[in-house]
>>> print(open('run_13.cif').read())   # mmCIF, C-alpha atoms
data_query
#
loop_
_atom_site.label_atom_id
_atom_site.label_comp_id
_atom_site.auth_asym_id
_atom_site.auth_seq_id
_atom_site.Cartn_x
_atom_site.Cartn_y
_atom_site.Cartn_z
CA MET P 1 34.85 76.12 73.39
CA VAL P 2 31.16 75.95 72.56
CA ALA P 3 28.76 78.57 73.92
CA ILE P 4 25.51 76.64 74.09
CA ARG P 5 22.07 78.20 74.00
CA LYS P 6 19.54 76.43 76.21
CA ASP P 7 17.41 75.25 73.25
CA ILE P 8 20.44 73.71 71.55
CA PHE P 9 21.55 72.09 74.82
CA LEU P 10 18.12 70.52 75.26
CA ARG P 11 18.11 69.25 71.65
CA LEU P 12 21.59 67.78 72.04
CA LYS P 13 20.56 66.01 75.23
CA ALA P 14 17.34 64.68 73.70
CA GLU P 15 18.48 63.83 70.17
CA ILE P 16 22.09 62.68 70.32
CA PRO P 17 22.36 59.12 71.60
CA PHE P 18 26.01 59.68 72.53
CA PHE P 19 24.77 61.79 75.47
CA ASN P 20 22.47 59.08 76.90
CA ASP P 21 22.82 58.89 80.68
CA PHE P 22 24.77 62.15 80.96
CA SER P 23 23.72 64.50 83.74
CA ASP P 24 23.34 68.16 82.74
CA GLU P 25 26.58 68.97 84.58
CA GLU P 26 28.51 66.18 82.82
CA MET P 27 27.19 67.20 79.45
CA LEU P 28 28.09 70.86 80.05
CA SER P 29 31.61 69.85 81.14
CA PHE P 30 32.01 67.88 77.91
CA LEU P 31 30.46 70.55 75.67
CA ARG P 32 32.70 73.26 77.14
CA LEU P 33 35.68 71.46 75.62
CA MET P 34 34.07 71.07 72.20
CA THR P 35 34.24 73.34 69.18
CA SER P 36 31.27 74.07 66.95
CA GLN P 37 31.39 74.85 63.25
CA THR P 38 28.94 75.30 60.43
CA VAL P 39 30.20 73.51 57.34
CA PRO P 40 28.81 74.27 53.86
CA MET P 41 27.36 71.61 51.58
CA ASP P 42 29.85 69.34 49.74
CA GLN P 43 32.75 70.30 52.00
CA VAL P 44 35.38 67.71 52.92
CA ILE P 45 35.74 67.52 56.71
CA PHE P 46 38.66 65.11 56.52
CA LYS P 47 40.18 62.82 53.90
CA GLU P 48 41.12 59.18 54.08
CA PHE P 49 44.73 58.85 55.35
CA ASP P 50 44.75 62.35 56.94
CA PRO P 51 46.15 62.49 60.48
CA SER P 52 43.37 62.02 63.02
CA ASP P 53 42.75 63.10 66.58
CA THR P 54 39.25 64.60 66.46
CA MET P 55 35.75 63.21 66.83
CA TYR P 56 32.65 64.93 65.44
CA LEU P 57 28.99 64.97 66.44
CA LEU P 58 26.54 65.87 63.68
CA PHE P 59 23.92 68.22 65.11
CA SER P 60 22.18 69.21 61.89
CA GLY P 61 22.66 68.52 58.20
CA GLY P 62 24.17 65.40 56.70
CA VAL P 63 27.56 63.75 56.27
CA GLU P 64 28.63 61.03 53.88
CA ILE P 65 31.50 58.69 54.74
CA SER P 66 33.36 57.21 51.75
CA LYS P 67 36.37 55.05 51.12
CA ARG P 68 38.64 54.72 48.11
CA VAL P 69 38.32 51.36 46.39
CA ALA P 70 40.02 49.97 43.30
CA LYS P 71 37.81 48.72 40.52
CA GLN P 72 38.83 45.62 38.58
CA ASP P 73 40.52 47.84 35.98
CA GLY P 74 42.66 49.37 38.75
CA VAL P 75 40.93 52.77 38.69
CA LEU P 76 40.29 54.22 42.14
CA ARG P 77 36.81 55.46 42.96
CA GLU P 78 34.98 56.59 46.08
CA ALA P 79 32.46 54.15 47.56
CA VAL P 80 29.97 55.58 50.04
CA ILE P 81 30.00 53.38 53.13
CA ALA P 82 27.70 55.42 55.37
CA ARG P 83 25.26 58.31 55.26
CA LEU P 84 25.01 59.99 58.65
CA LYS P 85 22.02 61.84 60.05
CA PRO P 86 21.81 64.35 62.86
CA GLY P 87 22.64 62.76 66.19
CA GLU P 88 25.40 60.53 64.87
CA ALA P 89 29.09 60.69 65.70
CA PHE P 90 32.05 60.04 63.42
CA GLY P 91 35.83 60.24 63.48
CA GLU P 92 36.00 58.59 66.91
CA LEU P 93 38.62 56.05 65.83
CA GLY P 94 41.15 58.87 65.59
CA LEU P 95 40.54 59.73 69.23
CA LEU P 96 41.25 56.19 70.26
CA ASP P 97 44.15 55.05 68.10
CA HIS P 98 45.62 58.22 66.50
CA ARG P 99 46.08 56.34 63.23
CA PRO P 100 45.38 57.99 59.87
CA ARG P 101 41.75 58.43 58.88
CA SER P 102 40.20 55.25 57.53
CA ALA P 103 37.72 57.10 55.29
CA THR P 104 36.71 60.50 53.94
CA ALA P 105 33.91 62.57 55.49
CA ARG P 106 32.02 65.12 53.36
CA THR P 107 28.91 67.16 54.06
CA THR P 108 25.86 66.44 51.91
CA GLU P 109 24.17 69.65 53.00
CA GLN P 110 25.07 72.57 55.23
CA SER P 111 25.83 71.01 58.60
CA LEU P 112 26.43 72.03 62.19
CA LEU P 113 29.18 69.94 63.77
CA PHE P 114 30.55 69.74 67.27
CA SER P 115 34.09 68.39 67.61
CA ILE P 116 36.53 67.43 70.32
CA SER P 117 40.22 66.61 70.05
CA SER P 118 42.00 63.82 71.87
CA GLU P 119 43.98 66.45 73.80
CA LYS P 120 40.78 67.92 75.21
CA LEU P 121 39.34 64.49 75.91
CA GLU P 122 42.47 63.68 77.90
CA LYS P 123 41.81 66.79 80.03
CA ILE P 124 38.56 65.15 81.11
CA ALA P 125 40.30 61.84 81.80
CA ARG P 126 42.96 63.52 83.97
CA ASN P 127 40.46 65.51 86.06
CA PRO P 128 39.50 63.50 89.17
CA LYS P 129 36.26 65.47 89.49
CA LEU P 130 35.23 64.20 86.04
CA SER P 131 36.21 60.54 86.43
CA PHE P 132 32.62 59.32 86.10
CA LEU P 133 32.20 61.42 82.95
CA SER P 134 35.35 59.75 81.57
CA TYR P 135 33.82 56.36 82.25
CA LYS P 136 30.56 57.36 80.49
CA LEU P 137 32.43 58.77 77.48
CA PHE P 138 34.48 55.63 76.96
CA ARG P 139 31.49 53.38 77.61
CA ASN P 140 29.54 55.31 74.95
CA PHE P 141 32.50 55.05 72.53
CA SER P 142 32.53 51.30 73.16
CA VAL P 143 28.79 50.93 72.60
CA MET P 144 28.99 52.99 69.40
CA LEU P 145 31.91 50.92 68.08
CA ALA P 146 30.26 47.62 69.05
CA THR P 147 27.09 48.65 67.20
CA ARG P 148 29.07 49.56 64.11
CA LEU P 149 31.03 46.31 64.25
CA ARG P 150 27.80 44.29 64.47
CA ASP P 151 26.36 46.24 61.52
CA THR P 152 29.54 45.61 59.52
CA ASN P 153 29.45 41.91 60.38
CA GLN P 154 25.88 41.72 59.09
CA LYS P 155 26.85 43.50 55.87
CA VAL P 156 29.64 40.96 55.34
CA VAL P 157 27.20 38.10 55.89
CA ASP P 158 24.69 39.69 53.49
CA LEU P 159 27.37 40.18 50.81
CA GLU P 160 28.56 36.59 51.20
CA ALA P 161 24.96 35.34 50.91
CA GLN P 162 24.56 37.35 47.68
CA ARG P 163 27.82 35.98 46.32
CA LEU P 164 26.77 32.40 47.06
CA GLY P 165 23.41 33.11 45.47
#
>>> encode(input="run_13.cif", output="structure tokens")
Amino acid sequence: MVAIRKDIFLRLKAEIPFFNDFSDEEMLSFLRLMTSQTVPMDQVIFKEFDPSDTMYLLFSGGVEISKRVAKQDGVLREAVIARLKPGEAFGELGLLDHRPRSATARTTEQSLLFSISSEKLEKIARNPKLSFLSYKLFRNFSVMLATRLRDTNQKVVDLEAQRLG
């Protein structure tokens, strides 16, 4: 459980888009179920294909998301697919589908992360007093995933345009 200082609470509310439209009470209910951790630079948070059931919010620092890809000679290498800044969330797919991680997450500098497991998220969903918070959480997950899907679609279009020259 996270013990939140008032200044950090206010920064989270102001700077992390995931918390848009949350009341102070809803945000506190959510944050009480989260865990905070400071992660040193160049530390792997999770690896591609690891089991997944936790989402992370990057409060400070930086995180790089990479995926293993095979070069034409068959050698595997890591390709960076995203560089995250404070305020961004990652690992949310594991909360939703419990499938293995689709990529690797590594810090690019010392970072403060907040995390929540699917088990704790289900506590919110099962609590009738927090039903509106549940709705907001899943709406925000949906918006975040829709935005990422649109960005990915545009990258595919851009790559195809380059290929066609």
>>> closest_atom_pairs(input="run_13.cif", of="range 112-155 of chain P", to="range 76-99 of chain P", cutoff="12 Å", atoms="all atoms listed in the file", output="Markdown table")
| residue | atom | partner | partner_atom | distance |
| --- | --- | --- | --- | --- |
| P:Leu112 | CA | P:Pro86 | CA | 9.0 |
| P:Leu113 | CA | P:Pro86 | CA | 9.3 |
| P:Phe114 | CA | P:Ala89 | CA | 9.3 |
| P:Ser115 | CA | P:Gly91 | CA | 9.3 |
| P:Ile116 | CA | P:Leu95 | CA | 8.7 |
| P:Ser117 | CA | P:Leu95 | CA | 6.9 |
| P:Ser118 | CA | P:Leu95 | CA | 5.1 |
| P:Glu119 | CA | P:Leu95 | CA | 8.8 |
| P:Lys120 | CA | P:Leu95 | CA | 10.1 |
| P:Leu121 | CA | P:Leu95 | CA | 8.3 |
| P:Glu122 | CA | P:Leu95 | CA | 9.7 |
| P:Leu137 | CA | P:Glu92 | CA | 11.2 |
| P:Phe138 | CA | P:Leu96 | CA | 9.5 |
| P:Asn140 | CA | P:Ala89 | CA | 10.7 |
| P:Phe141 | CA | P:Glu92 | CA | 7.5 |
| P:Ser142 | CA | P:Glu92 | CA | 10.2 |
| P:Val143 | CA | P:Ala89 | CA | 12.0 |
| P:Met144 | CA | P:Ala89 | CA | 8.5 |
| P:Leu145 | CA | P:Leu93 | CA | 8.7 |
| P:Arg148 | CA | P:Ala82 | CA | 10.6 |
| P:Asp151 | CA | P:Ala82 | CA | 11.1 |
| P:Thr152 | CA | P:Ile81 | CA | 10.1 |
| P:Lys155 | CA | P:Ile81 | CA | 10.7 |
>>> atom_distance(input="run_13.cif", atom1="CA of Ser66 in chain P", atom2="CA of Thr38 in chain P")
20.5 Å
>>> closest_residue(input="run_13.cif", among="P:Lys129, P:Glu160, P:Ser111, P:Gly165", to="Glu25 in chain P", atoms="only C-alpha atoms")
P:Lys129
>>> atom_distance(input="run_13.cif", atom1="CA of Met27 in chain P", atom2="CA of Val44 in chain P")
27.8 Å
>>> resolve_selection(input="run_13.cif", expression="the PyMOL selection byres ((chain P and resi 10) around 12)", output="list of chain:residue names")
P:Ile4, P:Arg5, P:Lys6, P:Asp7, P:Ile8, P:Phe9, P:Arg11, P:Leu12, P:Lys13, P:Ala14, P:Glu15, P:Ile16, P:Phe19, P:Ser23, P:Asp24, P:Met27, P:Leu28, P:Phe59
>>> write_last_selection(input="run_13.cif", atoms="C-alpha atoms", output="compact mmCIF listing (two decimals), in the frame of the given file")
# COMPACT_ATOMS: atom_id res chain seq x y z
CA ILE P 4 25.51 76.64 74.09
CA ARG P 5 22.07 78.20 74.00
CA LYS P 6 19.54 76.43 76.21
CA ASP P 7 17.41 75.25 73.25
CA ILE P 8 20.44 73.71 71.55
CA PHE P 9 21.55 72.09 74.82
CA ARG P 11 18.11 69.25 71.65
CA LEU P 12 21.59 67.78 72.04
CA LYS P 13 20.56 66.01 75.23
CA ALA P 14 17.34 64.68 73.70
CA GLU P 15 18.48 63.83 70.17
CA ILE P 16 22.09 62.68 70.32
CA PHE P 19 24.77 61.79 75.47
CA SER P 23 23.72 64.50 83.74
CA ASP P 24 23.34 68.16 82.74
CA MET P 27 27.19 67.20 79.45
CA LEU P 28 28.09 70.86 80.05
CA PHE P 59 23.92 68.22 65.11
>>> residues_near_point(input="run_13.cif", point="(30.8, 71.3, 52.2)", cutoff="10 Å", atoms="all atoms listed in the file", output="NGL selection string")
:P and (38-45 or 62-63 or 105-111)
>>> write_last_selection(input="run_13.cif", atoms="C-alpha atoms", output="compact mmCIF listing (two decimals), in the frame of the given file")
# COMPACT_ATOMS: atom_id res chain seq x y z
CA THR P 38 28.94 75.30 60.43
CA VAL P 39 30.20 73.51 57.34
CA PRO P 40 28.81 74.27 53.86
CA MET P 41 27.36 71.61 51.58
CA ASP P 42 29.85 69.34 49.74
CA GLN P 43 32.75 70.30 52.00
CA VAL P 44 35.38 67.71 52.92
CA ILE P 45 35.74 67.52 56.71
CA GLY P 62 24.17 65.40 56.70
CA VAL P 63 27.56 63.75 56.27
CA ALA P 105 33.91 62.57 55.49
CA ARG P 106 32.02 65.12 53.36
CA THR P 107 28.91 67.16 54.06
CA THR P 108 25.86 66.44 51.91
CA GLU P 109 24.17 69.65 53.00
CA GLN P 110 25.07 72.57 55.23
CA SER P 111 25.83 71.01 58.60
>>> atom_distance(input="run_13.cif", atom1="CA of Glu48 in chain P", atom2="CA of Lys71 in chain P")
17.4 Å
>>> residues_around(input="run_13.cif", residues="Asp50 in chain P", least_positions_apart="2", cutoff="8 Å", atoms="all atoms listed in the file", output="list of chain:residue names")
P:Phe46, P:Lys47, P:Glu48, P:Ser52, P:Pro100, P:Arg101
>>> closest_residue(input="run_13.cif", among="P:Arg139, P:Ala103, P:Pro17, P:Phe30", to="Lys123 in chain P", atoms="all atoms listed in the file")
P:Phe30
>>> axis_aligned_box(input="run_13.cif", around="range 5-14 of chain P", padding_each_side="3 Å", output="lines of an AutoDock Vina configuration file")
center_x = 19.7
center_y = 71.4
center_z = 73.9
size_x = 10.7
size_y = 19.5
size_z = 10.7
>>> closest_residue(input="run_13.cif", among="P:Ala70, P:Met55, P:Ala146, P:Val157", to="Met34 in chain P", atoms="all atoms listed in the file")
P:Met55
>>> build_atoms(input="run_13.cif", residues="range 46-75 of chain P", atoms="N, CA and C atoms", output="compact mmCIF listing (two decimals), in the coordinates of the input")
# COMPACT_ATOMS: atom_id res chain seq x y z
N PHE P 46 37.34 65.73 56.51
CA PHE P 46 38.66 65.11 56.52
C PHE P 46 38.72 64.08 55.41
N LYS P 47 39.96 63.78 54.98
CA LYS P 47 40.18 62.82 53.90
C LYS P 47 40.80 61.54 54.45
N GLU P 48 40.50 60.46 53.76
CA GLU P 48 41.12 59.18 54.08
C GLU P 48 42.64 59.37 54.10
N PHE P 49 43.28 58.82 55.11
CA PHE P 49 44.73 58.85 55.35
C PHE P 49 45.22 60.15 55.98
N ASP P 50 44.35 61.16 56.20
CA ASP P 50 44.75 62.35 56.94
C ASP P 50 45.08 61.95 58.38
N PRO P 51 45.94 62.73 59.05
CA PRO P 51 46.15 62.49 60.48
C PRO P 51 44.81 62.65 61.21
N SER P 52 44.66 61.94 62.33
CA SER P 52 43.37 62.02 63.02
C SER P 52 43.56 62.11 64.53
N ASP P 53 42.80 63.01 65.12
CA ASP P 53 42.75 63.10 66.58
C ASP P 53 41.49 63.81 67.04
N THR P 54 40.47 63.86 66.16
CA THR P 54 39.25 64.60 66.46
C THR P 54 38.03 63.76 66.14
N MET P 55 37.04 63.85 67.04
CA MET P 55 35.75 63.21 66.83
C MET P 55 34.72 64.31 66.57
N TYR P 56 33.70 63.99 65.79
CA TYR P 56 32.65 64.93 65.44
C TYR P 56 31.29 64.38 65.83
N LEU P 57 30.39 65.28 66.23
CA LEU P 57 28.99 64.97 66.44
C LEU P 57 28.20 65.81 65.45
N LEU P 58 27.35 65.18 64.68
CA LEU P 58 26.54 65.87 63.68
C LEU P 58 25.26 66.34 64.36
N PHE P 59 25.10 67.65 64.47
CA PHE P 59 23.92 68.22 65.11
C PHE P 59 22.81 68.46 64.10
N SER P 60 23.17 69.01 62.95
CA SER P 60 22.18 69.21 61.89
C SER P 60 22.88 69.07 60.55
N GLY P 61 22.10 68.71 59.53
CA GLY P 61 22.66 68.52 58.20
C GLY P 61 22.87 67.05 57.90
N GLY P 62 23.87 66.77 57.08
CA GLY P 62 24.17 65.40 56.70
C GLY P 62 25.63 65.25 56.34
N VAL P 63 26.16 64.06 56.59
CA VAL P 63 27.56 63.75 56.27
C VAL P 63 27.59 62.38 55.61
N GLU P 64 28.44 62.28 54.60
CA GLU P 64 28.63 61.03 53.88
C GLU P 64 30.06 60.55 54.16
N ILE P 65 30.19 59.28 54.50
CA ILE P 65 31.50 58.69 54.74
C ILE P 65 31.82 57.80 53.53
N SER P 66 32.99 58.00 52.93
CA SER P 66 33.36 57.21 51.75
C SER P 66 34.79 56.70 51.88
N LYS P 67 35.07 55.69 51.10
CA LYS P 67 36.37 55.05 51.12
C LYS P 67 36.82 54.82 49.69
N ARG P 68 38.10 54.99 49.44
CA ARG P 68 38.64 54.72 48.11
C ARG P 68 38.73 53.21 47.90
N VAL P 69 38.24 52.78 46.75
CA VAL P 69 38.32 51.36 46.39
C VAL P 69 38.79 51.26 44.94
N ALA P 70 39.53 50.20 44.66
CA ALA P 70 40.02 49.97 43.30
C ALA P 70 39.03 49.09 42.55
N LYS P 71 38.65 49.55 41.39
CA LYS P 71 37.81 48.72 40.52
C LYS P 71 38.69 47.64 39.88
N GLN P 72 38.07 46.70 39.20
CA GLN P 72 38.83 45.62 38.58
C GLN P 72 39.85 46.13 37.57
N ASP P 73 39.57 47.28 36.95
CA ASP P 73 40.52 47.84 35.98
C ASP P 73 41.62 48.67 36.66
N GLY P 74 41.62 48.67 38.01
CA GLY P 74 42.66 49.37 38.75
C GLY P 74 42.38 50.84 39.02
N VAL P 75 41.29 51.36 38.48
CA VAL P 75 40.93 52.77 38.69
C VAL P 75 40.34 52.93 40.08
